[in-house]
$ cat upload.txt   # compact mmCIF, C-alpha atoms and all ligand atoms
# COMPACT_ATOMS: atom_id res chain seq x y z
CA MET A 1 11.38 -4.94 9.40
CA VAL A 2 11.55 -7.65 6.75
CA ASN A 3 14.99 -8.28 5.32
CA LYS A 4 13.91 -10.57 2.47
CA PHE A 5 15.62 -9.42 -0.69
CA LYS A 6 12.29 -9.38 -2.51
CA THR A 7 11.37 -6.88 -5.24
CA PHE A 8 7.94 -5.31 -5.66
CA TYR A 9 7.45 -7.20 -8.93
CA ARG A 10 8.29 -10.53 -7.30
CA HIS A 11 5.80 -9.76 -4.52
CA ILE A 12 2.97 -8.95 -6.96
CA ILE A 13 3.69 -12.13 -8.95
CA GLU A 14 3.47 -14.17 -5.72
CA GLU A 15 0.16 -12.43 -4.94
CA GLU A 16 -1.03 -13.19 -8.48
CA ARG A 17 -0.27 -16.91 -8.07
CA LYS A 18 -2.92 -17.02 -5.31
CA TYR A 19 -5.54 -16.50 -8.06
CA PRO A 20 -5.41 -19.37 -10.65
CA GLU A 21 -7.67 -17.36 -12.98
CA ALA A 22 -5.27 -14.37 -12.97
CA THR A 23 -4.05 -13.29 -16.42
CA GLY A 24 -1.05 -11.32 -15.13
CA GLN A 25 -2.43 -8.00 -16.43
CA LEU A 26 -2.87 -6.49 -12.94
CA SER A 27 0.71 -7.44 -12.08
CA ASP A 28 1.99 -5.78 -15.24
CA LEU A 29 -0.16 -2.71 -14.55
CA LEU A 30 1.18 -2.36 -10.99
CA ALA A 31 4.73 -2.79 -12.29
CA ASP A 32 4.04 0.00 -14.83
CA ILE A 33 2.84 2.30 -12.02
CA ALA A 34 5.97 1.51 -9.99
CA LEU A 35 8.14 2.31 -13.04
CA ALA A 36 6.42 5.69 -13.49
CA CYS A 37 6.92 6.46 -9.78
CA LYS A 38 10.63 5.59 -10.00
CA VAL A 39 10.94 8.20 -12.76
CA ILE A 40 8.97 10.74 -10.68
CA SER A 41 11.17 9.97 -7.65
CA LEU A 42 14.28 10.72 -9.71
CA GLU A 43 12.83 14.05 -10.84
CA VAL A 44 11.62 15.01 -7.35
CA ASN A 45 15.05 14.29 -5.90
CA ARG A 46 16.85 16.50 -8.40
CA ALA A 47 14.07 19.09 -8.88
CA GLY A 48 16.15 21.68 -7.10
CA LEU A 49 18.99 21.20 -9.60
CA ILE A 50 17.01 21.46 -12.83
CA ASP A 51 14.40 23.97 -13.81
CA ILE A 52 11.38 21.96 -12.64
CA LEU A 53 10.43 23.79 -9.48
CA GLY A 54 7.84 26.50 -9.21
CA PHE A 55 4.52 27.16 -10.93
CA THR A 56 3.51 26.67 -14.52
CA GLY A 57 1.28 29.72 -14.34
CA GLU A 58 -1.82 27.61 -15.08
CA GLU A 59 -4.73 26.71 -12.84
CA ASN A 60 -6.09 23.13 -12.72
CA ILE A 61 -9.69 21.92 -12.56
CA GLN A 62 -9.41 22.12 -8.78
CA GLY A 63 -8.81 25.86 -9.10
CA GLU A 64 -5.29 25.35 -7.74
CA GLN A 65 -2.03 26.79 -9.07
CA VAL A 66 -0.23 24.00 -10.95
CA LYS A 67 3.39 23.15 -10.16
CA LYS A 68 5.78 22.00 -12.89
CA LEU A 69 6.25 18.73 -10.96
CA ASP A 70 2.46 18.21 -10.88
CA VAL A 71 2.49 18.32 -14.69
CA PHE A 72 5.61 16.16 -14.97
CA ALA A 73 4.16 13.48 -12.68
CA ASN A 74 0.81 13.59 -14.47
CA ASP A 75 2.43 13.27 -17.92
CA ILE A 76 4.64 10.34 -16.91
CA LEU A 77 1.77 8.40 -15.34
CA THR A 78 -0.68 8.96 -18.19
CA HIS A 79 2.02 8.13 -20.80
CA VAL A 80 3.01 4.86 -19.06
CA MET A 81 -0.66 3.91 -18.60
CA LYS A 82 -1.45 4.58 -22.29
CA GLN A 83 1.44 2.45 -23.57
CA GLY A 84 0.85 -0.38 -21.07
CA GLY A 85 -2.27 -1.67 -22.84
CA HIS A 86 -4.03 -2.80 -19.66
CA ILE A 87 -6.42 0.08 -19.07
CA CYS A 88 -9.43 1.59 -20.77
CA ALA A 89 -9.40 4.95 -18.93
CA VAL A 90 -7.06 7.13 -16.84
CA CYS A 91 -8.51 9.63 -14.35
CA SER A 92 -6.18 12.24 -12.87
CA GLU A 93 -6.62 15.00 -10.31
CA GLU A 94 -4.83 17.21 -12.85
CA GLU A 95 -7.16 16.40 -15.78
CA GLU A 96 -10.67 17.87 -16.12
CA ASN A 97 -12.07 14.75 -17.83
CA PHE A 98 -11.13 11.09 -17.84
CA ILE A 99 -8.82 9.97 -20.67
CA PRO A 100 -10.41 7.07 -22.62
CA ILE A 101 -7.85 4.59 -24.02
CA GLU A 102 -8.40 2.28 -27.02
CA GLU A 103 -7.54 -1.39 -26.86
CA GLN A 104 -4.08 -2.14 -28.21
CA PHE A 105 -3.56 -4.55 -31.10
CA THR A 106 -0.37 -6.52 -30.38
CA ASP A 107 0.77 -10.02 -31.43
CA ASN A 108 -2.16 -10.05 -33.91
CA LYS A 109 -4.77 -9.76 -31.17
CA PHE A 110 -6.51 -7.08 -29.15
CA MET A 111 -5.26 -6.81 -25.52
CA SER A 112 -8.23 -6.66 -23.19
CA ASN A 113 -7.78 -3.30 -21.48
CA LYS A 114 -9.78 -4.36 -18.46
CA TYR A 115 -8.74 -1.82 -15.80
CA VAL A 116 -9.32 1.83 -14.89
CA CYS A 117 -6.75 3.90 -12.96
CA HIS A 118 -7.23 7.01 -10.80
CA PHE A 119 -4.20 9.11 -9.78
CA ASP A 120 -3.26 12.00 -7.59
CA PRO A 121 0.01 12.35 -9.53
CA LEU A 122 1.66 14.55 -6.94
CA ASP A 123 0.11 14.97 -3.51
CA GLY A 124 1.33 17.72 -1.20
CA SER A 125 2.73 19.78 -4.06
CA SER A 126 2.56 23.00 -2.02
CA ASN A 127 5.49 21.52 -0.08
CA ILE A 128 7.80 20.79 -3.02
CA GLU A 129 10.07 23.85 -2.68
CA ALA A 130 10.39 23.25 1.07
CA ASN A 131 11.80 19.75 0.48
CA VAL A 132 8.98 18.23 2.53
CA SER A 133 7.81 14.69 1.65
CA ILE A 134 5.27 14.53 -1.19
CA GLY A 135 3.73 11.54 -2.94
CA THR A 136 1.75 9.81 -5.69
CA ILE A 137 -1.55 8.06 -4.89
CA PHE A 138 -3.10 5.42 -7.19
CA SER A 139 -6.29 3.39 -7.35
CA VAL A 140 -7.26 0.54 -9.73
CA TYR A 141 -10.75 -0.71 -10.66
CA LYS A 142 -11.98 -3.36 -13.10
CA ARG A 143 -13.93 -1.85 -16.02
CA ILE A 144 -17.72 -2.31 -16.10
CA SER A 145 -18.21 -1.79 -19.85
CA LYS A 146 -17.32 -4.74 -22.06
CA SER A 147 -14.76 -3.42 -24.56
CA GLY A 148 -13.41 -0.40 -26.41
CA PRO A 149 -12.32 2.83 -24.73
CA GLY A 150 -13.58 3.27 -21.15
CA SER A 151 -16.72 5.23 -20.17
CA LEU A 152 -17.58 7.61 -17.31
CA GLU A 153 -19.48 4.69 -15.72
CA ASP A 154 -16.20 2.73 -15.62
CA CYS A 155 -14.58 5.66 -13.79
CA LEU A 156 -17.29 6.43 -11.22
CA GLN A 157 -17.26 3.32 -9.07
CA ARG A 158 -17.52 3.11 -5.25
CA GLY A 159 -14.25 2.56 -3.39
CA VAL A 160 -15.35 -0.94 -2.34
CA SER A 161 -14.84 -1.99 -5.98
CA GLN A 162 -11.11 -1.20 -6.03
CA VAL A 163 -8.92 -4.18 -6.99
CA ALA A 164 -5.69 -2.42 -5.93
CA ALA A 165 -4.57 0.85 -4.32
CA GLY A 166 -1.33 2.36 -3.13
CA TYR A 167 0.92 5.34 -2.79
CA VAL A 168 4.57 6.25 -3.19
CA ILE A 169 6.05 8.75 -0.73
CA TYR A 170 9.08 10.71 -1.97
CA GLY A 171 10.88 11.48 1.28
CA SER A 172 14.29 10.76 2.81
CA SER A 173 13.81 7.54 0.83
CA SER A 174 11.07 6.72 -1.66
CA MET A 175 8.68 4.10 -0.31
CA LEU A 176 5.76 2.30 -1.97
CA ALA A 177 2.78 0.92 -0.03
CA TYR A 178 0.10 -1.13 -1.77
CA THR A 179 -2.74 -3.56 -1.29
CA THR A 180 -4.68 -5.88 -3.62
CA GLY A 181 -6.98 -6.90 -0.77
CA ASN A 182 -4.50 -9.24 0.95
CA GLY A 183 -2.96 -6.88 3.47
CA VAL A 184 -0.75 -3.81 3.12
CA HIS A 185 2.89 -4.22 2.10
CA LEU A 186 5.68 -1.64 2.10
CA PHE A 187 8.75 -1.39 -0.16
CA THR A 188 11.75 0.93 -0.11
CA LEU A 189 13.36 2.13 -3.33
CA ASP A 190 17.03 1.11 -3.53
CA PRO A 191 18.32 3.61 -6.10
CA SER A 192 21.51 1.60 -6.62
CA VAL A 193 19.53 -1.32 -8.12
CA GLY A 194 16.49 0.76 -9.14
CA GLU A 195 14.10 -1.61 -7.38
CA PHE A 196 11.44 -1.24 -4.67
CA LEU A 197 12.56 -3.85 -2.08
CA LEU A 198 10.16 -5.34 0.50
CA SER A 199 10.59 -3.71 3.91
CA ASN A 200 7.31 -4.41 5.82
CA GLU A 201 4.66 -7.05 5.15
CA ASN A 202 1.03 -7.05 6.40
CA ILE A 203 1.29 -3.69 8.16
CA LYS A 204 -1.29 -3.22 10.91
CA ILE A 205 -2.20 0.26 12.20
CA PRO A 206 -2.50 0.50 16.04
CA LYS A 207 -6.18 0.36 17.06
CA LYS A 208 -5.85 3.48 19.21
CA SER A 209 -3.26 6.20 18.90
CA LYS A 210 -1.83 9.32 20.53
CA ILE A 211 -1.40 11.39 17.35
CA TYR A 212 -3.87 13.59 15.53
CA SER A 213 -3.31 15.43 12.24
CA VAL A 214 -5.49 18.40 11.34
CA ASN A 215 -4.95 21.95 10.06
CA GLU A 216 -5.89 23.84 13.23
CA GLY A 217 -5.86 27.06 11.21
CA ASN A 218 -9.36 26.06 10.07
CA GLN A 219 -10.64 25.73 13.65
CA SER A 220 -12.96 28.75 13.46
CA LYS A 221 -14.71 27.14 10.44
CA TRP A 222 -15.22 23.68 12.00
CA SER A 223 -18.53 22.26 13.16
CA LYS A 224 -19.29 21.94 16.88
CA GLY A 225 -18.61 18.20 16.86
CA ILE A 226 -15.09 18.56 15.41
CA ASN A 227 -14.31 21.40 17.83
CA ASN A 228 -15.49 19.21 20.72
CA PHE A 229 -13.40 16.22 19.54
CA VAL A 230 -10.20 18.26 19.14
CA SER A 231 -10.73 19.97 22.53
CA TYR A 232 -11.35 16.55 24.12
CA ILE A 233 -8.13 14.96 22.86
CA LYS A 234 -6.15 17.99 24.10
CA GLN A 235 -7.38 17.58 27.69
CA ASN A 236 -5.02 16.15 30.30
CA ASP A 237 -6.20 12.66 31.25
CA LYS A 238 -3.44 10.06 31.61
CA ASP A 239 -5.81 7.05 31.86
CA SER A 240 -7.31 7.70 28.44
CA GLY A 241 -3.93 8.58 26.88
CA ARG A 242 -4.65 12.29 26.55
CA PRO A 243 -3.45 14.80 25.47
CA TYR A 244 -2.63 13.48 21.98
CA SER A 245 0.35 14.91 20.10
CA SER A 246 -0.35 17.14 17.10
CA ARG A 247 1.51 16.25 13.89
CA TYR A 248 0.53 17.97 10.62
CA ILE A 249 2.83 17.99 7.60
CA GLY A 250 0.35 19.29 5.02
CA SER A 251 1.09 16.43 2.63
CA LEU A 252 -1.70 13.88 3.01
CA VAL A 253 0.53 10.98 1.93
CA ALA A 254 3.18 11.90 4.52
CA ASP A 255 0.66 12.40 7.37
CA PHE A 256 -1.13 9.18 6.39
CA HIS A 257 2.11 7.15 6.12
CA ARG A 258 3.30 8.23 9.59
CA ASN A 259 -0.11 7.45 11.10
CA LEU A 260 -0.18 4.04 9.38
CA LEU A 261 3.15 3.10 10.99
CA TYR A 262 2.83 4.79 14.41
CA GLY A 263 -0.95 4.97 14.80
CA GLY A 264 -2.82 8.23 14.43
CA VAL A 265 -5.90 9.88 13.06
CA PHE A 266 -6.01 12.38 10.19
CA LEU A 267 -8.90 14.80 9.86
CA TYR A 268 -9.86 17.05 6.99
CA PRO A 269 -13.43 17.99 7.97
CA ALA A 270 -15.98 19.86 5.92
CA ASP A 271 -16.04 23.44 7.13
CA SER A 272 -17.87 26.69 6.45
CA LYS A 273 -15.50 27.37 3.50
CA ASN A 274 -15.06 23.82 2.10
CA THR A 275 -18.60 22.59 2.71
CA SER A 276 -17.82 19.13 1.23
CA GLY A 277 -14.28 19.04 2.61
CA LYS A 278 -11.12 19.69 0.59
CA LEU A 279 -9.81 16.24 -0.27
CA ARG A 280 -10.86 14.30 -3.36
CA LEU A 281 -12.90 11.10 -3.02
CA MET A 282 -11.56 9.26 -6.09
CA TYR A 283 -7.90 10.33 -6.02
CA GLU A 284 -7.10 10.57 -2.29
CA ALA A 285 -9.82 9.26 0.04
CA ASN A 286 -10.75 5.98 -1.70
CA PRO A 287 -7.24 4.59 -2.26
CA LEU A 288 -6.01 5.51 1.24
CA SER A 289 -9.25 4.14 2.75
CA PHE A 290 -8.74 0.78 1.02
CA ILE A 291 -5.22 0.70 2.47
CA VAL A 292 -6.19 1.74 6.00
CA GLU A 293 -9.02 -0.83 6.19
CA GLN A 294 -6.64 -3.55 4.96
CA ALA A 295 -4.30 -2.47 7.79
CA GLY A 296 -7.13 -2.80 10.36
CA GLY A 297 -7.95 0.91 10.52
CA ARG A 298 -11.08 2.89 9.68
CA SER A 299 -12.01 5.66 7.26
CA SER A 300 -15.22 7.63 7.14
CA ASP A 301 -16.75 10.90 6.01
CA GLY A 302 -18.18 11.25 9.51
CA LYS A 303 -21.37 9.41 8.63
CA GLN A 304 -20.40 6.41 6.46
CA ARG A 305 -17.43 4.35 5.26
CA ILE A 306 -15.59 6.33 2.58
CA LEU A 307 -15.49 3.13 0.48
CA GLU A 308 -19.29 3.04 0.33
CA VAL A 309 -19.75 6.61 -0.89
CA THR A 310 -21.36 6.61 -4.35
CA PRO A 311 -19.40 9.05 -6.54
CA GLU A 312 -21.45 11.61 -8.50
CA ASN A 313 -18.51 13.24 -10.31
CA LEU A 314 -14.81 12.62 -10.91
CA HIS A 315 -13.50 15.51 -8.77
CA GLN A 316 -15.96 15.08 -5.92
CA ARG A 317 -14.61 16.22 -2.53
CA THR A 318 -15.32 14.58 0.81
CA PRO A 319 -14.74 15.15 4.49
CA LEU A 320 -12.08 12.61 5.55
CA PHE A 321 -11.46 11.02 8.96
CA ILE A 322 -8.91 8.21 8.52
CA GLY A 323 -6.54 6.19 10.70
CA SER A 324 -6.66 4.21 13.97
CA GLU A 325 -10.06 2.57 14.34
CA ASP A 326 -10.92 3.74 17.87
CA ASP A 327 -10.01 7.35 17.08
CA VAL A 328 -12.13 7.49 13.91
CA LYS A 329 -15.04 5.94 15.83
CA LEU A 330 -14.62 8.61 18.54
CA ILE A 331 -14.85 11.37 15.89
CA GLU A 332 -18.03 9.78 14.50
CA LYS A 333 -19.44 9.75 18.06
CA PHE A 334 -18.69 13.46 18.60
CA LEU A 335 -20.26 14.26 15.21
CA SER A 336 -23.40 12.21 15.99
CA GLU A 337 -23.82 14.11 19.28
CA GLU A 338 -23.34 17.61 17.85
CA LYS A 339 -26.54 19.60 17.98
P1 LIG A 401 -2.53 18.15 -3.57
O1 LIG A 401 -1.13 18.65 -3.45
O2 LIG A 401 -2.63 16.85 -4.35
O3 LIG A 401 -3.48 19.21 -4.05
O4 LIG A 401 -3.03 17.72 -2.10
C1 LIG A 401 -2.88 18.64 -1.07
C2 LIG A 401 -3.77 18.21 0.06
C3 LIG A 401 -3.17 17.14 0.94
O5 LIG A 401 -1.93 16.67 0.49
C4 LIG A 401 -2.97 17.81 2.27
O6 LIG A 401 -3.33 16.96 3.33
C5 LIG A 401 -3.92 18.99 2.21
O7 LIG A 401 -4.02 19.34 0.85
C6 LIG A 401 -3.40 20.15 3.00
O8 LIG A 401 -4.42 21.13 2.94
P2 LIG A 401 -4.26 22.47 3.83
O9 LIG A 401 -3.05 23.16 3.31
O10 LIG A 401 -5.54 23.20 3.58
O11 LIG A 401 -4.11 22.02 5.26
MN MN A 402 -3.52 15.41 -3.07
MN MN A 403 -2.05 16.51 -6.33
$ encode --input "upload.txt" --output "structure tokens"
Amino acid sequence: MVNKFKTFYRHIIEEERKYPEATGQLSDLLADIALACKVISLEVNRAGLIDILGFTGEENIQGEQVKKLDVFANDILTHVMKQGGHICAVCSEEEENFIPIEEQFTDNKFMSNKYVCHFDPLDGSSNIEANVSIGTIFSVYKRISKSGPGSLEDCLQRGVSQVAAGYVIYGSSSMLAYTTGNGVHLFTLDPSVGEFLLSNENIKIPKKSKIYSVNEGNQSKWSKGINNFVSYIKQNDKDSGRPYSSRYIGSLVADFHRNLLYGGVFLYPADSKNTSGKLRLMYEANPLSFIVEQAGGRSSDGKQRILEVTPENLHQRTPLFIGSEDDVKLIEKFLSEEK
């Protein structure tokens, strides 16, 4: 654990100084995201006390029942992004289309809104009422178009083009993990000062693990290869570290965060019901894949790196195998051998 009294903003400024050509806009954008997540954290922690639990009664583009906190988190993030002046488009799991944003005219000049942000505003929302950890996932790209409000082309970029990605997990404490391509760094929110303080720098995920995370309730719908992998890791074989332990929270951010720190592999395969998988490429798989690769892990859809998948649409789903490198490779091997 690092005990440097260093705030998230100070850390991003120090990262920025490594790039002489940096304008400071990415740092401001990341600070804006952290601010929005502090507000969400406050609301999540007192949700039980105010009338913000439960369903809104609407259904989102994903065909899922929307929770009041989903809407709250989405509204805060899109509002902070709009006023920040650094982005040309916001894409949210909760919004059917991307939200184009005009350049802002401040100090007698146009700010160049050169970034695009993707959000899963609240991940794991089915767990809110049970007081289980939930989170926010974010992903930042540089725009492709030159100026004006962003376009769909700006929003549909491969994960390899991300300039930053991260998540905030609202648990026993709120923690923020992020990368700009120079390692993965972890901060803990100190509510008394209202700052995310550095707690781990350059996190590395163990190459091989003893933990697997999958919803075994879907077992009857899995392919042969996934069934063979899960049966294999349950067999008793001390030399190869089997059986693995099963840990499944049902909040991707929480399962991912534990696996990042302890080692582990998370699987959400395609199955006979979700033929492209359940999780979203742009809002969940890409940002967490950028992070896991920066931590020395691996993330694939079973055939290729998630980060190299070319998105066809904003809400595209993907099978996701993410975590310790050797375990993800083993899954790919079982899938390649399935007949
Ligand atoms: P979200 O709350 O943003 O819709 O995400 C829920 C996801 C993810 O957090 C979790 O890993 C997965 O749904 C759980 O799915 P199952 O309940 O089907 O296992
Ligand atoms: Mn989610
Ligand atoms: Mn969500």
$ residues_around --input "upload.txt" --residues "Ala285 in chain A" --least-positions-apart "6" --cutoff "9 Å" --atoms "all atoms listed in the file" --output "JSON, numbers by chain"
{"A": [159, 279, 299, 306, 307, 317, 318, 319, 320, 322]}
$ closest_atom_pairs --input "upload.txt" --of "chain A" --to "ligand MN 403 (chain A)" --cutoff "12 Å" --atoms "only C-alpha atoms and all ligand atoms" --output "JSON lines"
{"residue": "A:Asn60", "atom": "CA", "partner": "A:MN403", "partner_atom": "MN", "distance": 10.0}
{"residue": "A:Ile61", "atom": "CA", "partner": "A:MN403", "partner_atom": "MN", "distance": 11.2}
{"residue": "A:Gln62", "atom": "CA", "partner": "A:MN403", "partner_atom": "MN", "distance": 9.6}
{"residue": "A:Gly63", "atom": "CA", "partner": "A:MN403", "partner_atom": "MN", "distance": 11.9}
{"residue": "A:Glu64", "atom": "CA", "partner": "A:MN403", "partner_atom": "MN", "distance": 9.5}
{"residue": "A:Gln65", "atom": "CA", "partner": "A:MN403", "partner_atom": "MN", "distance": 10.6}
{"residue": "A:Val66", "atom": "CA", "partner": "A:MN403", "partner_atom": "MN", "distance": 9.0}
{"residue": "A:Lys67", "atom": "CA", "partner": "A:MN403", "partner_atom": "MN", "distance": 9.4}
{"residue": "A:Lys68", "atom": "CA", "partner": "A:MN403", "partner_atom": "MN", "distance": 11.6}
{"residue": "A:Leu69", "atom": "CA", "partner": "A:MN403", "partner_atom": "MN", "distance": 9.8}
{"residue": "A:Asp70", "atom": "CA", "partner": "A:MN403", "partner_atom": "MN", "distance": 6.6}
{"residue": "A:Val71", "atom": "CA", "partner": "A:MN403", "partner_atom": "MN", "distance": 9.7}
{"residue": "A:Phe72", "atom": "CA", "partner": "A:MN403", "partner_atom": "MN", "distance": 11.6}
{"residue": "A:Ala73", "atom": "CA", "partner": "A:MN403", "partner_atom": "MN", "distance": 9.4}
{"residue": "A:Asn74", "atom": "CA", "partner": "A:MN403", "partner_atom": "MN", "distance": 9.1}
{"residue": "A:Ser92", "atom": "CA", "partner": "A:MN403", "partner_atom": "MN", "distance": 8.8}
{"residue": "A:Glu93", "atom": "CA", "partner": "A:MN403", "partner_atom": "MN", "distance": 6.2}
{"residue": "A:Glu94", "atom": "CA", "partner": "A:MN403", "partner_atom": "MN", "distance": 7.1}
{"residue": "A:Glu95", "atom": "CA", "partner": "A:MN403", "partner_atom": "MN", "distance": 10.7}
{"residue": "A:His118", "atom": "CA", "partner": "A:MN403", "partner_atom": "MN", "distance": 11.7}
{"residue": "A:Phe119", "atom": "CA", "partner": "A:MN403", "partner_atom": "MN", "distance": 8.4}
{"residue": "A:Asp120", "atom": "CA", "partner": "A:MN403", "partner_atom": "MN", "distance": 4.8}
{"residue": "A:Pro121", "atom": "CA", "partner": "A:MN403", "partner_atom": "MN", "distance": 5.6}
{"residue": "A:Leu122", "atom": "CA", "partner": "A:MN403", "partner_atom": "MN", "distance": 4.2}
{"residue": "A:Asp123", "atom": "CA", "partner": "A:MN403", "partner_atom": "MN", "distance": 3.9}
{"residue": "A:Gly124", "atom": "CA", "partner": "A:MN403", "partner_atom": "MN", "distance": 6.3}
{"residue": "A:Ser125", "atom": "CA", "partner": "A:MN403", "partner_atom": "MN", "distance": 6.2}
{"residue": "A:Ser126", "atom": "CA", "partner": "A:MN403", "partner_atom": "MN", "distance": 9.1}
{"residue": "A:Asn127", "atom": "CA", "partner": "A:MN403", "partner_atom": "MN", "distance": 11.0}
{"residue": "A:Ile128", "atom": "CA", "partner": "A:MN403", "partner_atom": "MN", "distance": 11.2}
{"residue": "A:Ile134", "atom": "CA", "partner": "A:MN403", "partner_atom": "MN", "distance": 9.2}
{"residue": "A:Gly135", "atom": "CA", "partner": "A:MN403", "partner_atom": "MN", "distance": 8.3}
{"residue": "A:Thr136", "atom": "CA", "partner": "A:MN403", "partner_atom": "MN", "distance": 7.7}
{"residue": "A:Ile137", "atom": "CA", "partner": "A:MN403", "partner_atom": "MN", "distance": 8.6}
{"residue": "A:Phe138", "atom": "CA", "partner": "A:MN403", "partner_atom": "MN", "distance": 11.2}
{"residue": "A:Gly250", "atom": "CA", "partner": "A:MN403", "partner_atom": "MN", "distance": 11.9}
{"residue": "A:Ser251", "atom": "CA", "partner": "A:MN403", "partner_atom": "MN", "distance": 9.5}
{"residue": "A:Leu252", "atom": "CA", "partner": "A:MN403", "partner_atom": "MN", "distance": 9.7}
{"residue": "A:Val253", "atom": "CA", "partner": "A:MN403", "partner_atom": "MN", "distance": 10.3}
{"residue": "A:Lys278", "atom": "CA", "partner": "A:MN403", "partner_atom": "MN", "distance": 11.8}
{"residue": "A:Leu279", "atom": "CA", "partner": "A:MN403", "partner_atom": "MN", "distance": 9.8}
{"residue": "A:Arg280", "atom": "CA", "partner": "A:MN403", "partner_atom": "MN", "distance": 9.6}
{"residue": "A:Met282", "atom": "CA", "partner": "A:MN403", "partner_atom": "MN", "distance": 12.0}
{"residue": "A:Tyr283", "atom": "CA", "partner": "A:MN403", "partner_atom": "MN", "distance": 8.5}
{"residue": "A:Glu284", "atom": "CA", "partner": "A:MN403", "partner_atom": "MN", "distance": 8.8}
{"residue": "A:His315", "atom": "CA", "partner": "A:MN403", "partner_atom": "MN", "distance": 11.7}
$ residues_around --input "upload.txt" --residues "range 14-20 of chain A" --least-positions-apart "4" --cutoff "12 Å" --atoms "all atoms listed in the file" --output "list in words"
Lys6, Thr7, Phe8, Tyr9, Arg10, Gly24, Gln25, Leu26, Ser27, Asp28, Leu30, Ala164, Tyr178, Thr179, Thr180, Gly181, Asn182, Gly183, Val184 and His185 of chain A
$ write_last_selection --input "upload.txt" --atoms "C-alpha atoms" --output "PDB file, in the frame of the given file"
ATOM      1  CA  LYS A   6      12.290  -9.380  -2.510  1.00  0.00           C
ATOM      2  CA  THR A   7      11.370  -6.880  -5.240  1.00  0.00           C
ATOM      3  CA  PHE A   8       7.940  -5.310  -5.660  1.00  0.00           C
ATOM      4  CA  TYR A   9       7.450  -7.200  -8.930  1.00  0.00           C
ATOM      5  CA  ARG A  10       8.290 -10.530  -7.300  1.00  0.00           C
ATOM      6  CA  GLY A  24      -1.050 -11.320 -15.130  1.00  0.00           C
ATOM      7  CA  GLN A  25      -2.430  -8.000 -16.430  1.00  0.00           C
ATOM      8  CA  LEU A  26      -2.870  -6.490 -12.940  1.00  0.00           C
ATOM      9  CA  SER A  27       0.710  -7.440 -12.080  1.00  0.00           C
ATOM     10  CA  ASP A  28       1.990  -5.780 -15.240  1.00  0.00           C
ATOM     11  CA  LEU A  30       1.180  -2.360 -10.990  1.00  0.00           C
ATOM     12  CA  ALA A 164      -5.690  -2.420  -5.930  1.00  0.00           C
ATOM     13  CA  TYR A 178       0.100  -1.130  -1.770  1.00  0.00           C
ATOM     14  CA  THR A 179      -2.740  -3.560  -1.290  1.00  0.00           C
ATOM     15  CA  THR A 180      -4.680  -5.880  -3.620  1.00  0.00           C
ATOM     16  CA  GLY A 181      -6.980  -6.900  -0.770  1.00  0.00           C
ATOM     17  CA  ASN A 182      -4.500  -9.240   0.950  1.00  0.00           C
ATOM     18  CA  GLY A 183      -2.960  -6.880   3.470  1.00  0.00           C
ATOM     19  CA  VAL A 184      -0.750  -3.810   3.120  1.00  0.00           C
ATOM     20  CA  HIS A 185       2.890  -4.220   2.100  1.00  0.00           C
TER      21      HIS A 185
END
$ residues_around --input "upload.txt" --residues "range 264-272 of chain A" --least-positions-apart "4" --cutoff "8 Å" --atoms "all atoms listed in the file" --output "VMD selection string"
chain A and resid 206 208 to 215 218 221 to 223 226 255 to 256 258 to 260 276 to 279 318 to 324 327 to 328
$ closest_residue --input "upload.txt" --among "A:Ile12, A:Leu261, A:Val292, A:Ala254" --to "ligand LIG 401 (chain A)" --atoms "only C-alpha atoms and all ligand atoms"
A:Ala254
$ atom_distance --input "upload.txt" --atom1 "CA of Val168 in chain A" --atom2 "CA of Leu198 in chain A"
13.4 Å
$ atom_distance --input "upload.txt" --atom1 "CA of Cys88 in chain A" --atom2 "CA of Asp32 in chain A"
14.8 Å
$ axis_aligned_box --input "upload.txt" --around "ligand LIG 401 (chain A)" --padding-each-side "5 Å" --output "JSON"
{"center_x": -3.3, "center_y": 19.9, "center_z": 0.5, "size_x": 14.4, "size_y": 16.5, "size_z": 19.6}
$ atom_distance --input "upload.txt" --atom1 "CA of Ile76 in chain A" --atom2 "CA of Ile40 in chain A"
7.6 Å
$ residues_near_point --input "upload.txt" --point "(19.9, 5.6, -5.6)" --cutoff "10 Å" --atoms "all atoms listed in the file" --output "ChimeraX atom specification"
/A:41-42,45,173-174,189-195
$ residues_around --input "upload.txt" --residues "Gly150 in chain A" --least-positions-apart "6" --cutoff "9 Å" --atoms "only C-alpha atoms" --output "list in words"
Ile87, Cys88, Ala89, Val90, Phe98, Ile99, Pro100, Ile101, Glu102, Asn113, Lys114, Tyr115, Val116, Arg143 and Ile144 of chain A
$ closest_residue --input "upload.txt" --among "A:Ala36, A:Ile205, A:Ala295, A:Val160" --to "Pro311 in chain A" --atoms "all atoms listed in the file"
A:Val160
$ closest_residue --input "upload.txt" --among "A:Gln83, A:Thr275, A:Thr106, A:Ser133" --to "ligand LIG 401 (chain A)" --atoms "all atoms listed in the file"
A:Ser133
$ closest_residue --input "upload.txt" --among "A:Arg298, A:Lys303, A:Arg247, A:His86" --to "ligand LIG 401 (chain A)" --atoms "all atoms listed in the file"
A:Arg247
$ residues_near_point --input "upload.txt" --point "(-26.6, 19.2, 16.3)" --cutoff "10 Å" --atoms "all atoms listed in the file" --output "ChimeraX atom specification"
/A:223-225,335-339
$ closest_residue --input "upload.txt" --among "A:Gln219, A:Asn202, A:Gln157, A:Asn228" --to "ligand LIG 401 (chain A)" --atoms "all atoms listed in the file"
A:Gln219
$ closest_residue --input "upload.txt" --among "A:Asn286, A:Ile331, A:Gly296, A:Lys142" --to "ligand MN 402 (chain A)" --atoms "all atoms listed in the file"
A:Asn286
